[in-house]
Each structure stands twice: as structure tokens, then as C-alpha cells.
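Visitor: File follows, start-v3.cif with mmCIF, C-alpha atoms and all ligand atoms:
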```
data_query
#
loop_
_atom_site.group_PDB
_atom_site.id
_atom_site.type_symbol
_atom_site.label_atom_id
_atom_site.label_comp_id
_atom_site.auth_asym_id
_atom_site.auth_seq_id
_atom_site.Cartn_x
_atom_site.Cartn_y
_atom_site.Cartn_z
ATOM 1 C CA MET A 1181 18.746 -65.146 -46.732
ATOM 2 C CA SER A 1182 16.055 -67.691 -45.906
ATOM 3 C CA ASN A 1183 15.465 -66.557 -42.335
ATOM 4 C CA VAL A 1184 14.148 -63.084 -43.061
ATOM 5 C CA THR A 1185 11.261 -62.466 -40.671
ATOM 6 C CA ILE A 1186 8.081 -60.576 -41.565
ATOM 7 C CA LYS A 1187 6.854 -58.561 -38.594
ATOM 8 C CA SER A 1188 3.178 -58.606 -37.635
ATOM 9 C CA LYS A 1189 1.175 -55.448 -36.944
ATOM 10 C CA SER A 1190 1.773 -55.659 -33.213
ATOM 11 C CA GLU A 1191 5.472 -56.419 -33.705
ATOM 12 C CA ILE A 1192 5.762 -53.390 -36.002
ATOM 13 C CA GLU A 1193 4.235 -51.220 -33.282
ATOM 14 C CA LYS A 1194 6.924 -52.450 -30.869
ATOM 15 C CA MET A 1195 9.637 -51.779 -33.456
ATOM 16 C CA ARG A 1196 8.281 -48.208 -33.768
ATOM 17 C CA VAL A 1197 8.603 -47.707 -30.031
ATOM 18 C CA ALA A 1198 12.138 -49.158 -29.885
ATOM 19 C CA GLY A 1199 13.214 -47.097 -32.896
ATOM 20 C CA LYS A 1200 11.854 -43.908 -31.387
ATOM 21 C CA LEU A 1201 13.680 -44.556 -28.117
ATOM 22 C CA ALA A 1202 17.006 -45.175 -29.889
ATOM 23 C CA ALA A 1203 16.564 -41.917 -31.812
ATOM 24 C CA GLN A 1204 15.775 -40.050 -28.614
ATOM 25 C CA VAL A 1205 19.058 -41.197 -27.057
ATOM 26 C CA LEU A 1206 20.931 -39.483 -29.910
ATOM 27 C CA GLU A 1207 18.776 -36.361 -29.503
ATOM 28 C CA MET A 1208 19.579 -36.336 -25.786
ATOM 29 C CA ILE A 1209 23.338 -36.839 -26.142
ATOM 30 C CA GLY A 1210 23.969 -34.251 -28.902
ATOM 31 C CA PRO A 1211 24.396 -31.189 -26.643
ATOM 32 C CA HIS A 1212 26.901 -33.128 -24.496
ATOM 33 C CA VAL A 1213 29.287 -33.824 -27.386
ATOM 34 C CA VAL A 1214 31.683 -30.950 -26.655
ATOM 35 C CA PRO A 1215 35.485 -30.529 -26.531
ATOM 36 C CA GLY A 1216 37.064 -32.138 -23.450
ATOM 37 C CA ILE A 1217 34.324 -34.663 -22.632
ATOM 38 C CA THR A 1218 35.396 -38.301 -22.521
ATOM 39 C CA THR A 1219 33.665 -41.013 -24.486
ATOM 40 C CA LEU A 1220 33.033 -42.830 -21.184
ATOM 41 C CA GLU A 1221 31.158 -39.810 -19.824
ATOM 42 C CA LEU A 1222 28.980 -39.811 -22.938
ATOM 43 C CA ASP A 1223 28.357 -43.541 -22.550
ATOM 44 C CA ASN A 1224 27.367 -43.137 -18.914
ATOM 45 C CA LEU A 1225 24.854 -40.422 -19.830
ATOM 46 C CA CYS A 1226 23.326 -42.728 -22.462
ATOM 47 C CA LEU A 1227 23.133 -45.697 -20.102
ATOM 48 C CA ASP A 1228 21.497 -43.646 -17.364
ATOM 49 C CA TYR A 1229 18.973 -42.224 -19.846
ATOM 50 C CA ILE A 1230 18.126 -45.613 -21.397
ATOM 51 C CA GLU A 1231 17.723 -47.399 -18.078
ATOM 52 C CA ASN A 1232 16.279 -44.737 -15.800
ATOM 53 C CA THR A 1233 14.333 -42.438 -18.136
ATOM 54 C CA GLN A 1234 13.321 -44.759 -20.966
ATOM 55 C CA HIS A 1235 13.081 -47.900 -18.840
ATOM 56 C CA ALA A 1236 14.661 -49.739 -21.743
ATOM 57 C CA ILE A 1237 17.734 -51.949 -22.167
ATOM 58 C CA SER A 1238 21.015 -51.318 -23.981
ATOM 59 C CA ALA A 1239 21.379 -54.090 -26.555
ATOM 60 C CA CYS A 1240 25.142 -53.611 -26.796
ATOM 61 C CA LEU A 1241 26.018 -54.013 -23.111
ATOM 62 C CA GLY A 1242 27.082 -57.661 -22.793
ATOM 63 C CA TYR A 1243 26.423 -58.455 -26.462
ATOM 64 C CA HIS A 1244 29.046 -61.104 -27.284
ATOM 65 C CA GLY A 1245 30.933 -59.682 -24.303
ATOM 66 C CA TYR A 1246 30.838 -56.046 -25.463
ATOM 67 C CA PRO A 1247 31.579 -54.023 -22.298
ATOM 68 C CA LYS A 1248 29.676 -50.732 -22.779
ATOM 69 C CA CYS A 1249 26.257 -49.287 -23.567
ATOM 70 C CA THR A 1250 27.105 -47.504 -26.817
ATOM 71 C CA CYS A 1251 29.737 -47.576 -29.533
ATOM 72 C CA ILE A 1252 31.576 -44.256 -29.807
ATOM 73 C CA SER A 1253 33.898 -44.022 -32.803
ATOM 74 C CA PRO A 1254 35.966 -40.864 -33.404
ATOM 75 C CA ASN A 1255 37.888 -39.917 -36.557
ATOM 76 C CA GLU A 1256 39.734 -43.017 -37.903
ATOM 77 C CA VAL A 1257 37.593 -45.399 -35.841
ATOM 78 C CA VAL A 1258 35.180 -47.031 -38.297
ATOM 79 C CA CYS A 1259 32.836 -48.641 -35.738
ATOM 80 C CA HIS A 1260 32.664 -50.452 -32.389
ATOM 81 C CA GLY A 1261 34.725 -47.820 -30.560
ATOM 82 C CA ILE A 1262 34.618 -48.736 -26.861
ATOM 83 C CA PRO A 1263 33.850 -45.746 -24.624
ATOM 84 C CA GLY A 1264 36.709 -44.979 -22.244
ATOM 85 C CA PRO A 1265 38.981 -42.222 -20.871
ATOM 86 C CA HIS A 1266 39.637 -40.764 -24.328
ATOM 87 C CA HIS A 1267 38.867 -37.012 -24.484
ATOM 88 C CA LEU A 1268 37.185 -35.572 -27.563
ATOM 89 C CA HIS A 1269 38.821 -32.531 -29.151
ATOM 90 C CA GLU A 1270 37.630 -29.543 -31.172
ATOM 91 C CA GLY A 1271 37.394 -30.592 -34.816
ATOM 92 C CA ASP A 1272 36.976 -34.306 -34.163
ATOM 93 C CA ILE A 1273 34.124 -36.093 -35.890
ATOM 94 C CA VAL A 1274 32.556 -38.870 -33.853
ATOM 95 C CA ASN A 1275 29.908 -41.517 -34.450
ATOM 96 C CA ILE A 1276 27.634 -42.533 -31.597
ATOM 97 C CA ASP A 1277 25.757 -45.794 -32.228
ATOM 98 C CA VAL A 1278 22.858 -46.684 -29.940
ATOM 99 C CA THR A 1279 20.779 -49.849 -29.864
ATOM 100 C CA VAL A 1280 17.953 -50.221 -27.355
ATOM 101 C CA ILE A 1281 15.611 -53.071 -26.553
ATOM 102 C CA LYS A 1282 12.063 -52.252 -25.465
ATOM 103 C CA ASP A 1283 9.340 -54.853 -25.010
ATOM 104 C CA GLY A 1284 11.577 -57.454 -26.688
ATOM 105 C CA PHE A 1285 12.318 -55.473 -29.856
ATOM 106 C CA HIS A 1286 15.412 -53.609 -31.045
ATOM 107 C CA GLY A 1287 15.953 -50.105 -32.423
ATOM 108 C CA ASP A 1288 19.411 -49.366 -33.871
ATOM 109 C CA THR A 1289 20.683 -45.989 -35.058
ATOM 110 C CA SER A 1290 23.836 -43.909 -35.264
ATOM 111 C CA MET A 1291 24.954 -40.481 -36.375
ATOM 112 C CA MET A 1292 28.015 -38.279 -36.655
ATOM 113 C CA PHE A 1293 28.717 -35.281 -34.437
ATOM 114 C CA VAL A 1294 31.272 -32.543 -35.042
ATOM 115 C CA VAL A 1295 33.032 -31.717 -31.778
ATOM 116 C CA GLY A 1296 33.086 -27.940 -31.256
ATOM 117 C CA ASP A 1297 32.363 -25.330 -33.883
ATOM 118 C CA LYS A 1298 34.337 -26.488 -36.869
ATOM 119 C CA THR A 1299 36.184 -29.339 -38.489
ATOM 120 C CA THR A 1300 38.173 -29.848 -41.674
ATOM 121 C CA GLU A 1301 36.540 -29.761 -45.086
ATOM 122 C CA LEU A 1302 37.490 -33.430 -45.564
ATOM 123 C CA LYS A 1303 35.750 -34.543 -42.382
ATOM 124 C CA ARG A 1304 32.703 -32.407 -43.114
ATOM 125 C CA ARG A 1305 32.386 -33.883 -46.607
ATOM 126 C CA LEU A 1306 32.840 -37.394 -45.248
ATOM 127 C CA CYS A 1307 29.899 -36.935 -42.869
ATOM 128 C CA GLU A 1308 27.799 -35.362 -45.600
ATOM 129 C CA CYS A 1309 28.579 -38.212 -47.999
ATOM 130 C CA SER A 1310 27.694 -40.896 -45.480
ATOM 131 C CA GLN A 1311 24.360 -39.303 -44.562
ATOM 132 C CA LYS A 1312 23.473 -38.596 -48.180
ATOM 133 C CA SER A 1313 24.224 -42.192 -49.179
ATOM 134 C CA LEU A 1314 21.984 -43.461 -46.358
ATOM 135 C CA TYR A 1315 19.162 -41.134 -47.411
ATOM 136 C CA GLU A 1316 19.360 -42.072 -51.087
ATOM 137 C CA ALA A 1317 19.356 -45.765 -50.158
ATOM 138 C CA ILE A 1318 16.279 -45.351 -47.943
ATOM 139 C CA LYS A 1319 14.452 -43.739 -50.867
ATOM 140 C CA ILE A 1320 14.587 -46.961 -52.927
ATOM 141 C CA VAL A 1321 13.150 -49.194 -50.171
ATOM 142 C CA ARG A 1322 9.683 -50.458 -51.115
ATOM 143 C CA PRO A 1323 7.906 -53.792 -51.715
ATOM 144 C CA GLY A 1324 9.220 -55.433 -54.871
ATOM 145 C CA ALA A 1325 12.535 -53.575 -54.804
ATOM 146 C CA ASN A 1326 15.668 -55.698 -54.633
ATOM 147 C CA LEU A 1327 17.887 -55.242 -51.565
ATOM 148 C CA THR A 1328 20.935 -55.368 -53.836
ATOM 149 C CA GLU A 1329 19.936 -51.893 -55.082
ATOM 150 C CA VAL A 1330 20.931 -50.440 -51.700
ATOM 151 C CA GLY A 1331 24.598 -51.090 -52.460
ATOM 152 C CA GLN A 1332 24.246 -49.680 -55.966
ATOM 153 C CA VAL A 1333 22.691 -46.436 -54.763
ATOM 154 C CA ILE A 1334 25.272 -45.942 -52.022
ATOM 155 C CA SER A 1335 28.109 -46.524 -54.513
ATOM 156 C CA LYS A 1336 26.606 -43.978 -56.882
ATOM 157 C CA VAL A 1337 26.508 -41.332 -54.137
ATOM 158 C CA VAL A 1338 30.013 -42.062 -52.845
ATOM 159 C CA LYS A 1339 31.795 -42.203 -56.211
ATOM 160 C CA PRO A 1340 31.922 -38.451 -57.026
ATOM 161 C CA TYR A 1341 33.278 -37.738 -53.545
ATOM 162 C CA GLY A 1342 36.234 -40.065 -54.191
ATOM 163 C CA PHE A 1343 35.708 -41.859 -50.881
ATOM 164 C CA SER A 1344 35.528 -45.624 -50.274
ATOM 165 C CA ILE A 1345 32.878 -47.938 -48.819
ATOM 166 C CA VAL A 1346 33.709 -50.324 -45.969
ATOM 167 C CA ARG A 1347 33.155 -53.951 -46.980
ATOM 168 C CA ASP A 1348 33.899 -55.777 -43.735
ATOM 169 C CA TYR A 1349 30.724 -54.649 -41.909
ATOM 170 C CA CYS A 1350 27.166 -54.395 -43.134
ATOM 171 C CA GLY A 1351 23.594 -53.527 -42.218
ATOM 172 C CA HIS A 1352 21.271 -56.240 -40.968
ATOM 173 C CA GLY A 1353 17.762 -57.422 -40.359
ATOM 174 C CA ILE A 1354 16.570 -56.446 -36.891
ATOM 175 C CA GLY A 1355 13.643 -57.294 -34.633
ATOM 176 C CA ARG A 1356 13.524 -59.647 -31.685
ATOM 177 C CA ASP A 1357 17.182 -60.271 -32.459
ATOM 178 C CA PHE A 1358 19.814 -57.528 -32.751
ATOM 179 C CA HIS A 1359 21.311 -58.952 -35.927
ATOM 180 C CA GLU A 1360 18.904 -60.955 -38.095
ATOM 181 C CA ASP A 1361 18.953 -61.934 -41.747
ATOM 182 C CA PRO A 1362 19.384 -60.434 -44.267
ATOM 183 C CA GLN A 1363 22.814 -58.867 -44.488
ATOM 184 C CA VAL A 1364 22.562 -55.412 -46.042
ATOM 185 C CA LEU A 1365 25.657 -54.765 -48.159
ATOM 186 C CA HIS A 1366 26.598 -51.148 -48.805
ATOM 187 C CA TYR A 1367 28.750 -51.767 -51.900
ATOM 188 C CA VAL A 1368 27.853 -53.163 -55.339
ATOM 189 C CA ASN A 1369 26.882 -56.813 -54.781
ATOM 190 C CA LYS A 1370 24.891 -59.758 -56.059
ATOM 191 C CA ALA A 1371 22.904 -60.515 -52.904
ATOM 192 C CA ASP A 1372 19.341 -60.605 -54.239
ATOM 193 C CA LEU A 1373 16.362 -60.258 -51.949
ATOM 194 C CA ILE A 1374 12.966 -58.982 -53.022
ATOM 195 C CA LEU A 1375 11.607 -56.727 -50.290
ATOM 196 C CA ARG A 1376 8.206 -57.390 -48.749
ATOM 197 C CA PRO A 1377 6.005 -55.422 -46.329
ATOM 198 C CA GLY A 1378 6.881 -56.137 -42.711
ATOM 199 C CA MET A 1379 10.611 -56.581 -43.226
ATOM 200 C CA THR A 1380 12.770 -54.479 -40.909
ATOM 201 C CA PHE A 1381 16.477 -53.886 -41.392
ATOM 202 C CA THR A 1382 19.207 -51.325 -40.898
ATOM 203 C CA ILE A 1383 21.186 -49.438 -43.504
ATOM 204 C CA GLU A 1384 24.444 -48.131 -42.033
ATOM 205 C CA PRO A 1385 27.075 -47.160 -44.605
ATOM 206 C CA MET A 1386 30.611 -46.675 -43.277
ATOM 207 C CA ILE A 1387 32.481 -44.338 -45.638
ATOM 208 C CA ASN A 1388 36.265 -43.907 -45.505
ATOM 209 C CA ALA A 1389 38.341 -40.970 -46.743
ATOM 210 C CA GLY A 1390 41.080 -43.326 -47.969
ATOM 211 C CA THR A 1391 41.207 -47.107 -48.186
ATOM 212 C CA TYR A 1392 38.111 -49.191 -47.504
ATOM 213 C CA LYS A 1393 40.302 -51.655 -45.614
ATOM 214 C CA THR A 1394 39.871 -51.959 -41.869
ATOM 215 C CA ARG A 1395 41.629 -53.540 -38.934
ATOM 216 C CA VAL A 1396 40.393 -54.741 -35.559
ATOM 217 C CA ASN A 1397 42.221 -53.730 -32.378
ATOM 218 C CA ARG A 1398 44.026 -56.870 -31.227
ATOM 219 C CA LYS A 1399 44.018 -55.914 -27.558
ATOM 220 C CA ASN A 1400 40.312 -55.301 -27.063
ATOM 221 C CA GLY A 1401 38.995 -57.384 -29.966
ATOM 222 C CA TRP A 1402 36.386 -54.762 -30.906
ATOM 223 C CA THR A 1403 37.583 -51.362 -32.060
ATOM 224 C CA VAL A 1404 37.662 -51.170 -35.863
ATOM 225 C CA THR A 1405 39.898 -48.535 -37.469
ATOM 226 C CA THR A 1406 40.853 -47.670 -41.021
ATOM 227 C CA GLN A 1407 44.073 -49.340 -42.141
ATOM 228 C CA ASP A 1408 45.539 -46.030 -43.332
ATOM 229 C CA GLY A 1409 44.490 -43.955 -40.318
ATOM 230 C CA LEU A 1410 42.336 -41.618 -42.422
ATOM 231 C CA PRO A 1411 38.896 -40.720 -41.045
ATOM 232 C CA SER A 1412 35.632 -42.627 -41.457
ATOM 233 C CA ALA A 1413 31.973 -41.621 -41.086
ATOM 234 C CA GLN A 1414 28.730 -43.566 -40.592
ATOM 235 C CA TYR A 1415 25.011 -42.927 -40.252
ATOM 236 C CA GLU A 1416 22.487 -45.673 -39.477
ATOM 237 C CA HIS A 1417 18.703 -45.980 -39.499
ATOM 238 C CA THR A 1418 16.302 -48.834 -38.808
ATOM 239 C CA ILE A 1419 13.825 -49.105 -41.704
ATOM 240 C CA LEU A 1420 10.429 -50.806 -42.047
ATOM 241 C CA VAL A 1421 9.164 -51.908 -45.470
ATOM 242 C CA THR A 1422 5.507 -50.780 -45.639
ATOM 243 C CA GLU A 1423 2.712 -51.665 -48.100
ATOM 244 C CA ASP A 1424 3.725 -48.876 -50.490
ATOM 245 C CA GLY A 1425 7.210 -47.739 -49.461
ATOM 246 C CA CYS A 1426 9.041 -47.522 -46.188
ATOM 247 C CA GLU A 1427 9.143 -45.907 -42.780
ATOM 248 C CA VAL A 1428 12.248 -44.627 -40.989
ATOM 249 C CA LEU A 1429 11.722 -45.996 -37.484
ATOM 250 C CA THR A 1430 14.677 -44.094 -35.983
ATOM 251 C CA LEU A 1431 14.101 -40.636 -37.491
ATOM 252 C CA ARG A 1432 15.198 -37.732 -35.243
ATOM 253 C CA SER A 1433 13.706 -34.261 -34.899
ATOM 254 C CA ASP A 1434 16.921 -32.628 -36.218
ATOM 255 C CA GLU A 1435 16.624 -34.429 -39.555
ATOM 256 C CA ASN A 1436 15.358 -32.768 -42.695
ATOM 257 C CA PHE A 1437 14.044 -36.046 -44.122
ATOM 258 C CA GLU A 1438 10.701 -37.870 -44.497
ATOM 259 C CA ARG A 1439 9.639 -40.437 -41.917
ATOM 260 C CA ILE A 1440 7.275 -42.179 -44.342
ATOM 261 C CA PHE A 1441 7.676 -42.759 -48.072
ATOM 262 C CA HIS A 1442 4.629 -43.632 -50.211
ATOM 263 C CA HIS A 1443 5.734 -44.725 -53.653
HETATM 264 N N1 LIG B 1 25.110 -51.101 -33.242
HETATM 265 C C1 LIG B 1 26.005 -51.852 -34.070
HETATM 266 C C2 LIG B 1 25.278 -52.125 -35.364
HETATM 267 O O1 LIG B 1 24.871 -51.183 -35.966
HETATM 268 C C3 LIG B 1 26.452 -53.115 -33.419
HETATM 269 C C4 LIG B 1 27.238 -52.913 -32.204
HETATM 270 S S1 LIG B 1 27.540 -54.441 -31.508
HETATM 271 C C5 LIG B 1 28.442 -54.083 -30.144
HETATM 272 O O2 LIG B 1 25.015 -53.205 -35.773
HETATM 273 F F1 LIG B 1 28.530 -55.158 -29.484
HETATM 274 F F2 LIG B 1 29.605 -53.578 -30.544
HETATM 275 F F3 LIG B 1 27.812 -53.159 -29.459
HETATM 276 CO CO CO B 2 23.171 -51.929 -36.933
HETATM 277 CO CO CO B 3 24.150 -49.618 -34.745
#
```
Can the structure from this file be put into C-alpha cells for me?

Guide:
Amino acid sequence: MSNVTIKSKSEIEKMRVAGKLAAQVLEMIGPHVVPGITTLELDNLCLDYIENTQHAISACLGYHGYPKCTCISPNEVVCHGIPGPHHLHEGDIVNIDVTVIKDGFHGDTSMMFVVGDKTTELKRRLCECSQKSLYEAIKIVRPGANLTEVGQVISKVVKPYGFSIVRDYCGHGIGRDFHEDPQVLHYVNKADLILRPGMTFTIEPMINAGTYKTRVNRKNGWTVTTQDGLPSAQYEHTILVTEDGCEVLTLRSDENFERIFHH
């Protein structure tokens, strides 16, 4: 926890730009998430947009050998789904996770999409729970707050739904590096860190319908699924701690949520 960086004014401005670009990739890809499309086609659209429209860089492509631009994780895939020939179907829920680098700084965000017009009540509630837990966690971010509260708030939201919180993956500091200190745990924990203005980190709760336990695909070394095969949902934002609250650097236009909190 000792390597938490405090971003300067000019670094914060670059984080704002990177965050906005990452959000805009999700805004762009939404209308393309339809029954029959493959996850590779979605990935190619994102890569083309990031490189040729945004003139930015995909942080994932080549990251520790990761082979694609985005992570696309349907249904029981918790995270790090590798785009490929898999077709999406009506009623699937799917997470698309985008991280871009612009001017040396990272913006990292993900959201769930429902494929087609409808899904099951379970999958709908799972998405709702994950987004709500992210939003409630963002609301407690301010100078002087303790990062451990993030896990408490998320647990409080998830409990009445009867879902579980993934423990094997967490949020993270972000800036010049993709994954910086601190780790941001989404479950009840004892990792204390007093927040200060200029800190930037992600909150990205992965919520499972059944067990919290996960497994990594042994063939590709990346794709994380639930151990019981039940679905999982995740939303992610990159957050800046401001002088009196926080700012959601990756807010999208479709969201009914504040960009800036003054507390
Ligand atoms: N974007 C993911 C996160 O939220 C990390 C993906 S790493 C990759 O931290 F290599 F799988 F792309
Ligand atoms: Co992240
Ligand atoms: Co991400």
C-alpha cells in the first residue's frame, strides 16, 4: 500500500481524457451488441475505433501476453473473456471491459449489456446488483474516507440479493501504469488506506449468482469463469479522489449518475 501515487493537476487532466475515451468506446459499441454477432467482431470494432478514431492505444493488447483489445465476458465468464468466434445469443448478458492509454495515462471501465430484448430475471437482477454496488461504493469516496469501506458498502448492497462477491480479482490504482497500488477489495476486508486528493483507482465489483469461487481456463490461461457455471456480472469505473469528494472519470452519457460528488 506504500506505492500509492498522488496525481498532479496536469496528470489528472490526462486521466480525465483517458477516462472519457474509455467511456466513449463503450458508448460506441453498445448498438453493436446484438444476437448473432461474435465477440471477435465486437473486439475488432473497438480496436479500430481506439486506434483510428481516438488515436489512442488499447492497454490490454499485449498486456502480459493478452492477445486482444478488450475483454468480453458473457454469462458465466467472470472476467478476462478473450474475444473469438463465439456468437452472442438473445438473452445473454455480457461484460465488455475497455482500457485505453492516451498521452501515457490509462482509463479503465466496463459494463454489462443484455443481448437482444430480454433476459432472465436472475440475469437482470445480477446486472442491477453489480451496478448498484458500484454506485453506492463510489458515493463513499472522499478525502479522509478509508478504502476498506468500499468492500463494506458493496457487501451491504449485495447481501439482500443473495448473490456472492468474487474474491480472486479486485480493483486497482491506475495512472501511468494499468495496475498500480492500492488493491481495491470488493468484499469485507481489513485493508486500511486513508484516501487523499489526487488518488485514482478503479472499483469493479464482480457479482456471482451462485458461488464466489472462480476458475481460470487452463488452455488459454486467461478466461475466468464461475466454478458452478452460474452467471456473473461486473461494472467498472475509474475514480479520482478530489478535494471534497470524487469524480467518475469514465462516466457515460447513458448513466443516470453524478460525475462529480461534493461532500
Ligand atoms: N481491464 C481489466 C481490469 O479491469 C484488466 C484486463 S487485463 C487483460 O483490470 F490483460 F486481460 F486485458
Ligand atoms: Co480495472
Ligand atoms: Co477493466

Visitor: Neighbouring residues of ligand LIG 1 (chain B) are defined here as those with any atom at most 10 Å from a ligand atom, counting all atoms listed in the file; list them as a VMD selection string.

Guide: chain A and resid 1238 to 1252 1259 to 1262 1276 to 1280 1287 to 1290 1349 to 1354 1358 to 1359 1382 to 1385 1402 to 1404 1414 to 1418

Visitor: For this file, the PyMOL selection byres (((chain A and resi 1281) around 6) and not hetatm) selects which residues, as a list of chain:residue names?

Guide: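 So the PyMOL selection byres (((chain A and resi 1281) around 6) and not hetatm), applied here, picks out A:Ala1236, A:Ile1237, A:Ala1239, A:Val1280, A:Lys1282, A:Gly1284, A:Phe1285, A:His1286.
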
Visitor: Would you export the selected residues with C-alpha atoms as a JSON list (two decimals), keeping the file's coordinate frame, please?

Guide:
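Generated file (again-v7.json):
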```json
[["chain", "number", "residue", "atom", "x", "y", "z"],
["A", 1236, "ALA", "CA", 14.66, -49.74, -21.74],
["A", 1237, "ILE", "CA", 17.73, -51.95, -22.17],
["A", 1239, "ALA", "CA", 21.38, -54.09, -26.56],
["A", 1280, "VAL", "CA", 17.95, -50.22, -27.36],
["A", 1282, "LYS", "CA", 12.06, -52.25, -25.46],
["A", 1284, "GLY", "CA", 11.58, -57.45, -26.69],
["A", 1285, "PHE", "CA", 12.32, -55.47, -29.86],
["A", 1286, "HIS", "CA", 15.41, -53.61, -31.04]]
```

Visitor: Selected by the PyMOL selection byres (((chain A and resi 1407) around 9) and not hetatm) in the shown coordinates: which residues, as a PyMOL selection string?

Guide: chain A and resi 1256+1390-1395+1405-1406+1408-1410

Visitor: Excluding Lys1370 in chain A and its own-chain neighbours fewer than 2 positions away, which residues fall within 8 Å of it when counting only C-alpha atoms? Please give them as a list in words.

Guide: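 Returned residues: Thr1328, Val1368 and Asp1372 of chain A.
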
Visitor: Please indicate the distance in Å from CA of Ala1413 in chain A to CA of Ile1374 in chain A, rounded to one decimal place.

Guide: 28.4 Å

Visitor: I need the output of the PyMOL selection byres (((chain A and resi 1309) around 8) and not hetatm) for this file as an MDAnalysis selection string; which residues are they?

Guide: chainID A and resid 1305:1308 1310:1313 1337:1338 1341 1387

Visitor: Between CA of Lys1339 in chain A and CA of Pro1411 in chain A, measure the distance and give it in Å to one decimal.

Guide: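 We find that CA of Lys1339 in chain A and CA of Pro1411 in chain A lie 16.8 Å from each other.
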
Visitor: When you count all atoms listed in the file, which of these residues is closest to Gly1324 in chain A: A:Gln1234, A:Asn1388, A:Thr1422, A:Thr1300?

Guide: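 For Gly1324 in chain A, the nearest of the candidates is A:Thr1422.
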